[in-house]
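Okay, structure-v2.txt now, which holds compact mmCIF, C-alpha atoms and all ligand atoms:
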```
# COMPACT_ATOMS: atom_id res chain seq x y z
CA MET A 909 -11.67 -11.98 -14.28
CA VAL A 910 -8.92 -11.69 -11.74
CA PRO A 911 -8.19 -8.10 -10.68
CA LYS A 912 -4.78 -6.96 -11.80
CA HIS A 913 -4.18 -4.96 -8.63
CA ILE A 914 -5.52 -5.75 -5.14
CA ALA A 915 -5.11 -3.36 -2.21
CA LEU A 916 -5.28 -4.88 1.25
CA ILE A 917 -6.07 -3.36 4.63
CA MET A 918 -4.69 -6.02 6.95
CA ASP A 919 -6.85 -5.38 9.99
CA GLY A 920 -7.67 -7.45 13.08
CA ASN A 921 -4.26 -8.68 14.25
CA GLY A 922 -4.91 -7.40 17.78
CA ARG A 923 -8.40 -8.92 18.04
CA TRP A 924 -7.17 -12.21 16.64
CA ALA A 925 -4.46 -12.38 19.30
CA LYS A 926 -6.91 -11.35 22.05
CA SER A 927 -9.33 -14.10 21.01
CA LYS A 928 -6.50 -16.54 21.70
CA GLY A 929 -5.53 -14.95 25.01
CA LYS A 930 -2.24 -13.70 23.54
CA PRO A 931 -0.63 -10.22 23.36
CA ARG A 932 -1.37 -8.04 20.32
CA THR A 933 2.19 -8.47 19.10
CA PHE A 934 1.51 -12.19 18.61
CA GLY A 935 -1.17 -11.19 16.09
CA HIS A 936 1.22 -8.93 14.20
CA LYS A 937 3.79 -11.72 13.98
CA LYS A 938 1.22 -14.12 12.56
CA GLY A 939 -0.05 -11.30 10.31
CA SER A 940 3.36 -10.90 8.70
CA GLU A 941 3.43 -14.64 7.92
CA THR A 942 -0.05 -14.38 6.42
CA LEU A 943 1.22 -11.60 4.16
CA LYS A 944 4.02 -13.78 2.77
CA GLN A 945 1.59 -16.57 1.94
CA ILE A 946 -1.07 -14.26 0.47
CA CYS A 947 1.50 -12.75 -1.92
CA LYS A 948 2.24 -16.23 -3.28
CA ASP A 949 -1.47 -17.12 -3.50
CA ALA A 950 -2.38 -13.84 -5.18
CA TYR A 951 0.27 -14.25 -7.85
CA ASP A 952 -0.68 -17.86 -8.34
CA LEU A 953 -4.28 -16.78 -8.94
CA GLY A 954 -3.20 -14.26 -11.57
CA VAL A 955 -2.90 -11.01 -9.59
CA LYS A 956 -0.01 -8.82 -10.73
CA TYR A 957 0.05 -6.03 -8.10
CA VAL A 958 -0.64 -6.18 -4.36
CA THR A 959 -0.47 -3.12 -2.11
CA VAL A 960 -0.69 -3.61 1.66
CA TYR A 961 -1.24 -1.15 4.49
CA ALA A 962 1.48 -2.14 6.95
CA PHE A 963 1.87 1.03 9.06
CA SER A 964 -0.16 4.21 8.82
CA THR A 965 0.82 7.76 9.73
CA GLU A 966 -1.69 7.31 12.61
CA ASN A 967 -0.10 4.12 13.92
CA TRP A 968 2.62 6.10 15.76
CA LYS A 969 -0.07 6.84 18.37
CA ARG A 970 -0.07 3.22 19.53
CA SER A 971 1.88 2.24 22.65
CA LYS A 972 5.65 2.59 22.48
CA GLU A 973 6.01 -1.17 22.86
CA GLU A 974 3.65 -1.95 19.98
CA VAL A 975 5.23 0.63 17.64
CA SER A 976 8.66 -0.71 18.43
CA PHE A 977 7.51 -4.30 17.88
CA LEU A 978 5.95 -3.39 14.52
CA MET A 979 9.12 -1.58 13.43
CA GLY A 980 11.17 -4.64 14.42
CA LEU A 981 8.86 -6.87 12.41
CA LEU A 982 9.12 -4.58 9.39
CA ARG A 983 12.88 -4.48 9.70
CA GLN A 984 12.96 -8.28 9.72
CA TYR A 985 10.47 -8.51 6.86
CA LEU A 986 12.45 -6.07 4.70
CA ASN A 987 15.73 -7.86 5.33
CA GLU A 988 14.26 -11.30 4.66
CA SER A 989 12.55 -9.99 1.54
CA ILE A 990 15.81 -9.64 -0.40
CA LYS A 991 16.06 -13.45 -0.52
CA ASN A 992 12.30 -13.99 -0.66
CA SER A 993 11.81 -11.60 -3.57
CA GLU A 994 14.57 -13.33 -5.54
CA GLU A 995 13.06 -16.76 -4.91
CA ASN A 996 9.64 -15.53 -5.98
CA ASN A 997 10.71 -13.12 -8.74
CA MET A 998 8.85 -10.46 -6.75
CA ARG A 999 9.48 -6.73 -6.98
CA VAL A 1000 8.97 -4.82 -3.73
CA ARG A 1001 8.43 -1.10 -3.40
CA VAL A 1002 7.62 0.92 -0.31
CA ILE A 1003 5.16 3.81 -0.39
CA GLY A 1004 4.69 6.43 2.32
CA ARG A 1005 6.73 9.14 4.01
CA ARG A 1006 10.21 7.72 4.50
CA SER A 1007 11.86 10.65 6.23
CA ASP A 1008 10.40 9.77 9.68
CA LEU A 1009 11.67 6.20 9.64
CA ASP A 1010 14.86 4.99 11.32
CA LYS A 1011 17.97 5.26 9.16
CA ASP A 1012 18.54 1.51 9.03
CA ILE A 1013 14.94 0.92 7.91
CA ILE A 1014 15.36 3.49 5.12
CA GLU A 1015 18.55 1.72 4.06
CA ALA A 1016 16.82 -1.67 4.14
CA ILE A 1017 14.03 -0.27 1.93
CA GLU A 1018 16.52 1.17 -0.55
CA SER A 1019 18.50 -2.11 -0.74
CA LEU A 1020 15.35 -4.16 -1.24
CA GLU A 1021 13.95 -1.84 -3.91
CA GLU A 1022 17.26 -1.87 -5.75
CA ALA A 1023 17.74 -5.64 -5.46
CA SER A 1024 14.24 -6.46 -6.68
CA LYS A 1025 13.74 -3.75 -9.32
CA GLU A 1026 14.08 -6.09 -12.31
CA PHE A 1027 11.82 -8.86 -10.99
CA ASP A 1028 8.68 -9.07 -13.08
CA GLY A 1029 6.57 -11.47 -11.01
CA LEU A 1030 4.28 -10.08 -8.32
CA GLN A 1031 4.71 -6.34 -7.80
CA LEU A 1032 4.30 -5.75 -4.05
CA GLN A 1033 3.87 -2.29 -2.57
CA ILE A 1034 4.21 -1.96 1.21
CA ALA A 1035 2.60 1.17 2.63
CA LEU A 1036 4.81 2.24 5.50
CA ASN A 1037 4.28 5.45 7.46
CA TYR A 1038 1.64 5.98 4.83
CA GLY A 1039 -1.41 8.26 4.80
CA GLY A 1040 -3.46 9.06 1.70
CA ARG A 1041 -3.75 12.74 2.59
CA ASP A 1042 -0.07 12.91 3.38
CA GLU A 1043 0.71 11.39 -0.01
CA ILE A 1044 -1.42 14.01 -1.79
CA ILE A 1045 0.24 16.86 0.12
CA ARG A 1046 3.69 15.45 -0.70
CA GLY A 1047 2.51 15.23 -4.31
CA MET A 1048 1.57 18.92 -4.25
CA ARG A 1049 4.99 19.74 -2.85
CA GLY A 1050 6.47 17.76 -5.74
CA VAL A 1051 4.55 19.89 -8.23
CA PHE A 1052 5.81 23.12 -6.61
CA GLN A 1053 9.35 21.77 -6.46
CA HIS A 1054 9.17 20.93 -10.16
CA LEU A 1055 8.15 24.53 -10.90
CA LEU A 1056 11.00 25.90 -8.82
CA ASP A 1057 13.55 23.56 -10.39
CA ASN A 1058 12.43 24.34 -13.91
CA ASP A 1059 12.70 28.08 -13.56
CA GLY A 1060 16.18 29.42 -14.17
CA SER A 1061 15.62 32.71 -12.35
CA ASP A 1062 15.06 33.32 -8.63
CA GLN A 1063 11.35 33.87 -9.10
CA VAL A 1064 8.72 31.74 -10.80
CA SER A 1065 6.91 33.97 -13.27
CA LYS A 1066 3.14 34.38 -13.19
CA HIS A 1067 3.11 33.22 -16.77
CA ASP A 1068 4.79 29.90 -15.90
CA LEU A 1069 2.50 29.46 -12.92
CA LYS A 1070 -0.59 30.03 -15.07
CA LEU A 1071 0.67 27.61 -17.68
CA ALA A 1072 1.36 24.95 -15.05
CA MET A 1073 -2.10 25.44 -13.54
CA GLN A 1074 -3.77 25.04 -16.92
CA GLU A 1075 -1.74 21.98 -17.77
CA LEU A 1076 -2.16 20.13 -14.49
CA ASP A 1077 -4.59 17.24 -14.82
CA GLU A 1078 -5.21 13.89 -13.10
CA ASP A 1079 -2.64 12.01 -15.18
CA LYS A 1080 0.06 14.61 -14.63
CA PHE A 1081 -0.66 14.88 -10.91
CA SER A 1082 -0.52 11.12 -10.42
CA TYR A 1083 3.09 11.30 -11.58
CA TYR A 1084 3.88 12.99 -8.24
CA LEU A 1085 2.26 10.27 -6.11
CA ASP A 1086 4.11 7.36 -4.50
CA THR A 1087 2.34 4.94 -6.83
CA VAL A 1088 3.69 6.47 -10.05
CA GLY A 1089 3.66 3.83 -12.80
CA ILE A 1090 1.41 1.47 -10.83
CA PRO A 1091 -2.18 1.04 -12.06
CA ASP A 1092 -5.00 1.84 -9.62
CA PRO A 1093 -6.39 -1.14 -7.68
CA GLU A 1094 -9.57 -2.74 -9.02
CA LEU A 1095 -10.28 -4.36 -5.66
CA LEU A 1096 -9.74 -3.31 -2.04
CA ILE A 1097 -10.03 -6.00 0.61
CA ARG A 1098 -10.40 -5.03 4.25
CA THR A 1099 -10.32 -7.74 6.90
CA SER A 1100 -12.01 -7.78 10.31
CA GLY A 1101 -15.22 -6.04 9.35
CA GLU A 1102 -14.51 -2.29 9.56
CA LEU A 1103 -16.21 -0.20 6.88
CA ARG A 1104 -13.63 2.56 6.51
CA THR A 1105 -10.79 3.44 4.15
CA SER A 1106 -8.69 4.75 7.08
CA ASN A 1107 -6.75 7.17 4.88
CA PHE A 1108 -5.49 4.40 2.57
CA MET A 1109 -4.82 5.21 -1.11
CA LEU A 1110 -7.40 7.98 -1.20
CA TRP A 1111 -6.50 9.04 -4.72
CA GLN A 1112 -6.02 5.56 -6.17
CA LEU A 1113 -9.24 4.03 -4.75
CA ALA A 1114 -11.55 6.43 -6.62
CA TYR A 1115 -13.15 3.65 -8.72
CA THR A 1116 -12.11 0.59 -6.72
CA GLU A 1117 -14.58 -2.09 -5.61
CA PHE A 1118 -14.55 -2.64 -1.84
CA TYR A 1119 -14.79 -6.07 -0.24
CA VAL A 1120 -14.99 -6.37 3.54
CA THR A 1121 -14.76 -9.65 5.40
CA ASP A 1122 -15.17 -10.36 9.12
CA VAL A 1123 -12.17 -12.69 9.02
CA TYR A 1124 -9.22 -11.33 11.03
CA TRP A 1125 -6.08 -10.74 8.96
CA PRO A 1126 -4.02 -13.59 10.52
CA ASP A 1127 -6.76 -16.03 9.43
CA PHE A 1128 -7.03 -14.64 5.90
CA ASN A 1129 -5.99 -17.29 3.39
CA ARG A 1130 -6.23 -18.45 -0.21
CA THR A 1131 -9.88 -19.54 0.19
CA GLU A 1132 -10.81 -16.11 1.57
CA LEU A 1133 -8.88 -14.41 -1.22
CA LYS A 1134 -10.75 -16.46 -3.80
CA LYS A 1135 -14.06 -15.52 -2.13
CA ALA A 1136 -13.12 -11.84 -2.47
CA ILE A 1137 -12.21 -12.27 -6.14
CA ASP A 1138 -15.47 -14.18 -6.75
CA ALA A 1139 -17.48 -11.40 -5.09
CA TYR A 1140 -15.65 -8.85 -7.25
CA ASN A 1141 -16.58 -10.82 -10.35
CA ARG A 1142 -20.25 -10.93 -9.40
CA ARG A 1143 -20.44 -7.15 -9.34
CA GLU A 1144 -21.35 -5.12 -12.32
CA ARG A 1145 -18.50 -2.66 -12.61
CA ARG A 1146 -19.73 0.80 -13.45
CA PHE A 1147 -17.57 3.85 -14.10
CA GLY A 1148 -19.56 7.03 -14.29
CA GLY A 1149 -22.45 5.40 -16.12
CA THR A 1150 -20.66 3.04 -18.47
CA THR A 1151 -20.13 -0.60 -17.67
CA LYS A 1152 -16.57 -1.84 -18.07
C1 LIG B 1 -4.02 -3.87 12.01
O1 LIG B 1 -4.35 -4.74 13.05
C2 LIG B 1 -2.70 -4.14 11.55
C3 LIG B 1 -1.65 -3.28 11.63
C4 LIG B 1 -1.69 -1.95 12.23
C5 LIG B 1 -0.35 -3.62 11.14
C6 LIG B 1 -0.32 -4.53 9.97
C7 LIG B 1 0.92 -5.28 10.11
C8 LIG B 1 1.12 -6.57 9.78
C9 LIG B 1 0.15 -7.41 9.10
C10 LIG B 1 2.38 -7.24 10.09
C11 LIG B 1 3.59 -6.53 9.71
C12 LIG B 1 3.66 -6.23 8.28
C13 LIG B 1 4.75 -6.39 7.57
C14 LIG B 1 4.83 -5.89 6.18
C15 LIG B 1 5.91 -7.07 8.16
P1 LIG B 1 -4.74 -4.09 14.42
O2 LIG B 1 -3.55 -4.12 15.30
O3 LIG B 1 -5.31 -2.73 14.22
O4 LIG B 1 -5.82 -5.06 14.94
P2 LIG B 1 -7.11 -4.69 15.81
O5 LIG B 1 -7.94 -3.77 14.96
O6 LIG B 1 -7.74 -6.01 16.02
O7 LIG B 1 -6.62 -4.05 17.05
```
When written as structure tokens, how does the structure in this file appear?
Ligand code: FPP
Amino acid sequence: MVPKHIALIMDGNGRWAKSKGKPRTFGHKKGSETLKQICKDAYDLGVKYVTVYAFSTENWKRSKEEVSFLMGLLRQYLNESIKNSEENNMRVRVIGRRSDLDKDIIEAIESLEEASKEFDGLQLQIALNYGGRDEIIRGMRGVFQHLLDNDGSDQVSKHDLKLAMQELDEDKFSYYLDTVGIPDPELLIRTSGELRTSNFMLWQLAYTEFYVTDVYWPDFNRTELKKAIDAYNRRERRFGGTTK
């Protein structure tokens, strides 16, 4: 079976570039081209949702030059995606904390999301200024905000607070996450060999199968994607004792 939703940690751009005697930015450029191709391949193979980790809340700590290059690449990718999403019937959404991004990037995200919202081919989520913990905290803030908005008076009553606490469950909480309406990934692929989640989709990966390959992201291709899907299929999927 082909997983419906694949999450991707696109790692190894810098090492790939270094292995070719090129600057890290060269790897990011090639990495963005790899992403375009992998989206087509994934959909062609039957995948419906792809979520990629493009820029983490930690990535701001990289050199000024690299951050600015990555932002430029994202800007270009978002702008080009209006045409690309139409050609491929692809819906694009961006997850992560938007408020820290440059105004023109926020506008590009909004235009792209609006322009592609009816496309029912591949559903692509780009994680941008994203951190799993940050998403959960923002989700909590959303819950509190909902309580404040729903209470007509200046104060939220203890009664309402108690009721909200009793009613809150996993389904209701997930409504406040960036991925609302998107099913959890069945498969996470991480390239370039690191065995970490690096703060990616902490909530959504609870039952996800992990696949790690030594291949650097710029070299990841359809054959490697098929290998990951094959490996996923060879595993016996177990959820809390029952096999699905
Ligand atoms: C990790 O490689 C990759 C990133 C931090 C950025 C991922 C970005 C892209 C694939 C291109 C831009 C994306 C879009 C959506 C346009 P690394 O730099 O950490 O590599 P290293 O571990 O070898 O140093």
Could you list, as an mmCIF file with C-alpha atoms, in the coordinates of the input, every residue within 9 Å of Arg1046 of chain A, counting all atoms listed in the file and ignoring same-chain residues fewer than 2 positions away?
```cif
data_model
loop_
_atom_site.group_PDB
_atom_site.id
_atom_site.type_symbol
_atom_site.label_atom_id
_atom_site.label_comp_id
_atom_site.auth_asym_id
_atom_site.auth_seq_id
_atom_site.Cartn_x
_atom_site.Cartn_y
_atom_site.Cartn_z
ATOM 1 C CA ARG A 1005 6.730 9.140 4.010
ATOM 2 C CA ARG A 1041 -3.750 12.740 2.590
ATOM 3 C CA ASP A 1042 -0.070 12.910 3.380
ATOM 4 C CA GLU A 1043 0.710 11.390 -0.010
ATOM 5 C CA ILE A 1044 -1.420 14.010 -1.790
ATOM 6 C CA MET A 1048 1.570 18.920 -4.250
ATOM 7 C CA ARG A 1049 4.990 19.740 -2.850
ATOM 8 C CA GLY A 1050 6.470 17.760 -5.740
ATOM 9 C CA VAL A 1051 4.550 19.890 -8.230
ATOM 10 C CA TYR A 1084 3.880 12.990 -8.240
ATOM 11 C CA LEU A 1085 2.260 10.270 -6.110
ATOM 12 C CA ASP A 1086 4.110 7.360 -4.500
#
```
Can you check which parts of chain A lie within 8 Å of ligand LIG 1 (chain B)? Per residue, the shortest pair of atoms and distance in Å to one decimal, counting only C-alpha atoms and all ligand atoms, sorted by chain and number, as a Markdown table.
```
| residue | atom | partner | partner_atom | distance |
| --- | --- | --- | --- | --- |
| A:Ile917 | CA | B:LIG1 | C1 | 7.7 |
| A:Met918 | CA | B:LIG1 | C2 | 5.4 |
| A:Asp919 | CA | B:LIG1 | C1 | 3.8 |
| A:Gly920 | CA | B:LIG1 | O6 | 3.3 |
| A:Asn921 | CA | B:LIG1 | O4 | 4.0 |
| A:Gly922 | CA | B:LIG1 | O6 | 3.6 |
| A:Arg923 | CA | B:LIG1 | O6 | 3.6 |
| A:Trp924 | CA | B:LIG1 | O6 | 6.3 |
| A:Ala925 | CA | B:LIG1 | O6 | 7.9 |
| A:Arg932 | CA | B:LIG1 | O2 | 6.7 |
| A:Gly935 | CA | B:LIG1 | O2 | 7.5 |
| A:His936 | CA | B:LIG1 | C10 | 4.6 |
| A:Lys937 | CA | B:LIG1 | C10 | 6.1 |
| A:Lys938 | CA | B:LIG1 | C10 | 7.4 |
| A:Gly939 | CA | B:LIG1 | C9 | 4.1 |
| A:Ser940 | CA | B:LIG1 | C10 | 4.0 |
| A:Glu941 | CA | B:LIG1 | C10 | 7.8 |
| A:Thr942 | CA | B:LIG1 | C9 | 7.5 |
| A:Leu943 | CA | B:LIG1 | C9 | 6.6 |
| A:Val960 | CA | B:LIG1 | C14 | 7.5 |
| A:Tyr961 | CA | B:LIG1 | C6 | 6.5 |
| A:Ala962 | CA | B:LIG1 | C6 | 4.3 |
| A:Phe963 | CA | B:LIG1 | C5 | 5.6 |
| A:Ser964 | CA | B:LIG1 | C4 | 7.2 |
| A:Asn967 | CA | B:LIG1 | C4 | 6.5 |
| A:Leu978 | CA | B:LIG1 | C11 | 6.2 |
| A:Leu981 | CA | B:LIG1 | C15 | 5.2 |
| A:Leu982 | CA | B:LIG1 | C15 | 4.2 |
| A:Arg983 | CA | B:LIG1 | C15 | 7.6 |
| A:Gln984 | CA | B:LIG1 | C15 | 7.3 |
| A:Tyr985 | CA | B:LIG1 | C15 | 5.0 |
| A:Leu986 | CA | B:LIG1 | C15 | 7.5 |
| A:Ile1034 | CA | B:LIG1 | C14 | 6.4 |
| A:Ser1100 | CA | B:LIG1 | O6 | 7.3 |
| A:Tyr1124 | CA | B:LIG1 | O6 | 7.4 |
| A:Trp1125 | CA | B:LIG1 | C9 | 7.1 |
| A:Pro1126 | CA | B:LIG1 | C9 | 7.6 |
```
Notebook entry, point to check: If you measure from atom CA of Ile1013 of chain A to atom CA of Asp949 of chain A, what distance in Å do you get, rounded to one decimal?
Noted result: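 Between atom CA of Ile1013 of chain A and atom CA of Asp949 of chain A the gap is 26.9 Å.
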Shortest contact to Gln1033 of chain A, candidates A:Thr1131, A:Gln1112, A:Thr933, A:Thr959, atoms counted all atoms listed in the file, goes to A:Thr959
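Candidate residues A:Ile1137, A:Ile1017, A:Ile1045, A:Leu916 were compared for distance to Gly954 of chain A, and the nearest is A:Ile1137, using all atoms listed in the file.
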Once 8 Å is added on each side, what are the centre and the three edge lengths, in Å to one decimal, of the axis-aligned box enclosing the listed atoms of segment 1072-1076 of chain A? Present them as AutoDock Vina command-line options.
```
--center_x -1.2 --center_y 22.8 --center_z -15.7 --size_x 21.1 --size_y 21.3 --size_z 20.2
```
**OP:** Mind giving me the straight-line distance from atom CA of Lys1135 of chain A to atom CA of Pro911 of chain A in Å, one decimal?
**Re:**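 Distance between the two atoms: 12.8 Å.
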Select, from A:Thr1116, A:Gln1053, A:Gln1031, A:Asn1058, the residue with the minimum atom-to-atom distance to Ile1090 of chain A, counting all atoms listed in the file.
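Looking at the shortest contact to Ile1090 of chain A, the residue is A:Gln1031.
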Among A:Lys944, A:Lys930, A:Arg1098, A:Arg1001, Glu1132 of chain A is approached most closely, using all atoms listed in the file, by A:Arg1098
Correct to one decimal, the distance atom CA of Lys956 of chain A-atom CA of Thr1105 of chain A is 22.1 Å
Nearest to Lys991 of chain A, restricted to only C-alpha atoms and choosing among A:Glu1075, A:Ser1019, A:Arg1143, A:Ser1065, comes out as A:Ser1019
Across A:Ser993, A:Gly980, A:Ile946, A:Arg1006, the smallest distance to Thr965 of chain A, with all atoms listed in the file counted, is shown by A:Arg1006
(request) Extract, using all atoms listed in the file, all DNA, RNA and protein residues at most 12 Å from Arg1142 of chain A, discarding same-chain residues fewer than 2 positions from it, and format them as a PyMOL selection string. (result) chain A and resi 909-910+1117+1119+1135-1140+1144-1145
Could you take the residues named above and write them with C-alpha atoms, as a PDB file, in the coordinates of the input?
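And here's result_16.pdb as it stands now:
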```pdb
ATOM      1  CA  MET A 909     -11.670 -11.980 -14.280  1.00  0.00           C
ATOM      2  CA  VAL A 910      -8.920 -11.690 -11.740  1.00  0.00           C
ATOM      3  CA  GLU A1117     -14.580  -2.090  -5.610  1.00  0.00           C
ATOM      4  CA  TYR A1119     -14.790  -6.070  -0.240  1.00  0.00           C
ATOM      5  CA  LYS A1135     -14.060 -15.520  -2.130  1.00  0.00           C
ATOM      6  CA  ALA A1136     -13.120 -11.840  -2.470  1.00  0.00           C
ATOM      7  CA  ILE A1137     -12.210 -12.270  -6.140  1.00  0.00           C
ATOM      8  CA  ASP A1138     -15.470 -14.180  -6.750  1.00  0.00           C
ATOM      9  CA  ALA A1139     -17.480 -11.400  -5.090  1.00  0.00           C
ATOM     10  CA  TYR A1140     -15.650  -8.850  -7.250  1.00  0.00           C
ATOM     11  CA  GLU A1144     -21.350  -5.120 -12.320  1.00  0.00           C
ATOM     12  CA  ARG A1145     -18.500  -2.660 -12.610  1.00  0.00           C
TER      13      ARG A1145
END
```
What would segment 936-956 of chain A look like with N, CA, C and O atoms restored, written as a CSV table (one decimal), in the coordinates of the input?
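Writing done, so here's out08.csv:
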```
chain,number,residue,atom,x,y,z
A,936,HIS,N,0.4,-9.6,15.3
A,936,HIS,CA,1.2,-8.9,14.2
A,936,HIS,C,2.2,-9.9,13.6
A,936,HIS,O,2.4,-9.9,12.4
A,937,LYS,N,2.8,-10.7,14.5
A,937,LYS,CA,3.8,-11.7,14.0
A,937,LYS,C,3.1,-12.7,13.0
A,937,LYS,O,3.6,-12.9,11.9
A,938,LYS,N,2.0,-13.2,13.4
A,938,LYS,CA,1.2,-14.1,12.6
A,938,LYS,C,0.8,-13.4,11.3
A,938,LYS,O,0.8,-13.9,10.2
A,939,GLY,N,0.4,-12.1,11.5
A,939,GLY,CA,0.0,-11.3,10.3
A,939,GLY,C,1.0,-11.2,9.3
A,939,GLY,O,0.8,-11.2,8.1
A,940,SER,N,2.3,-11.0,9.7
A,940,SER,CA,3.4,-10.9,8.7
A,940,SER,C,3.6,-12.2,8.0
A,940,SER,O,3.9,-12.2,6.8
A,941,GLU,N,3.3,-13.3,8.6
A,941,GLU,CA,3.4,-14.6,7.9
A,941,GLU,C,2.3,-14.8,6.9
A,941,GLU,O,2.5,-15.3,5.8
A,942,THR,N,1.1,-14.3,7.3
A,942,THR,CA,0.0,-14.4,6.4
A,942,THR,C,0.3,-13.6,5.2
A,942,THR,O,-0.1,-14.0,4.0
A,943,LEU,N,0.9,-12.4,5.3
A,943,LEU,CA,1.2,-11.6,4.2
A,943,LEU,C,2.1,-12.3,3.2
A,943,LEU,O,1.8,-12.3,1.9
A,944,LYS,N,3.1,-13.0,3.7
A,944,LYS,CA,4.0,-13.8,2.8
A,944,LYS,C,3.2,-14.8,1.9
A,944,LYS,O,3.4,-14.9,0.7
A,945,GLN,N,2.4,-15.5,2.6
A,945,GLN,CA,1.6,-16.6,1.9
A,945,GLN,C,0.6,-16.0,0.9
A,945,GLN,O,0.5,-16.5,-0.2
A,946,ILE,N,-0.1,-14.9,1.3
A,946,ILE,CA,-1.1,-14.3,0.5
A,946,ILE,C,-0.4,-13.7,-0.8
A,946,ILE,O,-1.0,-13.8,-1.9
A,947,CYS,N,0.8,-13.2,-0.7
A,947,CYS,CA,1.5,-12.8,-1.9
A,947,CYS,C,1.7,-13.9,-2.9
A,947,CYS,O,1.4,-13.7,-4.1
A,948,LYS,N,2.1,-15.1,-2.4
A,948,LYS,CA,2.2,-16.2,-3.3
A,948,LYS,C,0.9,-16.6,-3.9
A,948,LYS,O,0.8,-16.9,-5.1
A,949,ASP,N,-0.1,-16.7,-3.0
A,949,ASP,CA,-1.5,-17.1,-3.5
A,949,ASP,C,-2.0,-16.1,-4.5
A,949,ASP,O,-2.6,-16.6,-5.6
A,950,ALA,N,-1.8,-14.9,-4.3
A,950,ALA,CA,-2.4,-13.8,-5.2
A,950,ALA,C,-1.7,-14.0,-6.6
A,950,ALA,O,-2.4,-14.0,-7.6
A,951,TYR,N,-0.4,-14.1,-6.6
A,951,TYR,CA,0.3,-14.2,-7.8
A,951,TYR,C,-0.1,-15.5,-8.6
A,951,TYR,O,-0.4,-15.5,-9.8
A,952,ASP,N,-0.3,-16.6,-7.8
A,952,ASP,CA,-0.7,-17.9,-8.3
A,952,ASP,C,-2.1,-17.8,-9.0
A,952,ASP,O,-2.4,-18.4,-10.0
A,953,LEU,N,-2.9,-16.9,-8.4
A,953,LEU,CA,-4.3,-16.8,-8.9
A,953,LEU,C,-4.3,-15.8,-10.1
A,953,LEU,O,-5.4,-15.6,-10.7
A,954,GLY,N,-3.2,-15.1,-10.4
A,954,GLY,CA,-3.2,-14.3,-11.6
A,954,GLY,C,-3.2,-12.8,-11.3
A,954,GLY,O,-3.3,-11.9,-12.2
A,955,VAL,N,-3.0,-12.4,-10.0
A,955,VAL,CA,-2.9,-11.0,-9.6
A,955,VAL,C,-1.5,-10.5,-9.9
A,955,VAL,O,-0.5,-11.3,-9.6
A,956,LYS,N,-1.4,-9.3,-10.4
A,956,LYS,CA,0.0,-8.8,-10.7
A,956,LYS,C,0.5,-7.8,-9.7
A,956,LYS,O,1.7,-7.8,-9.4
```
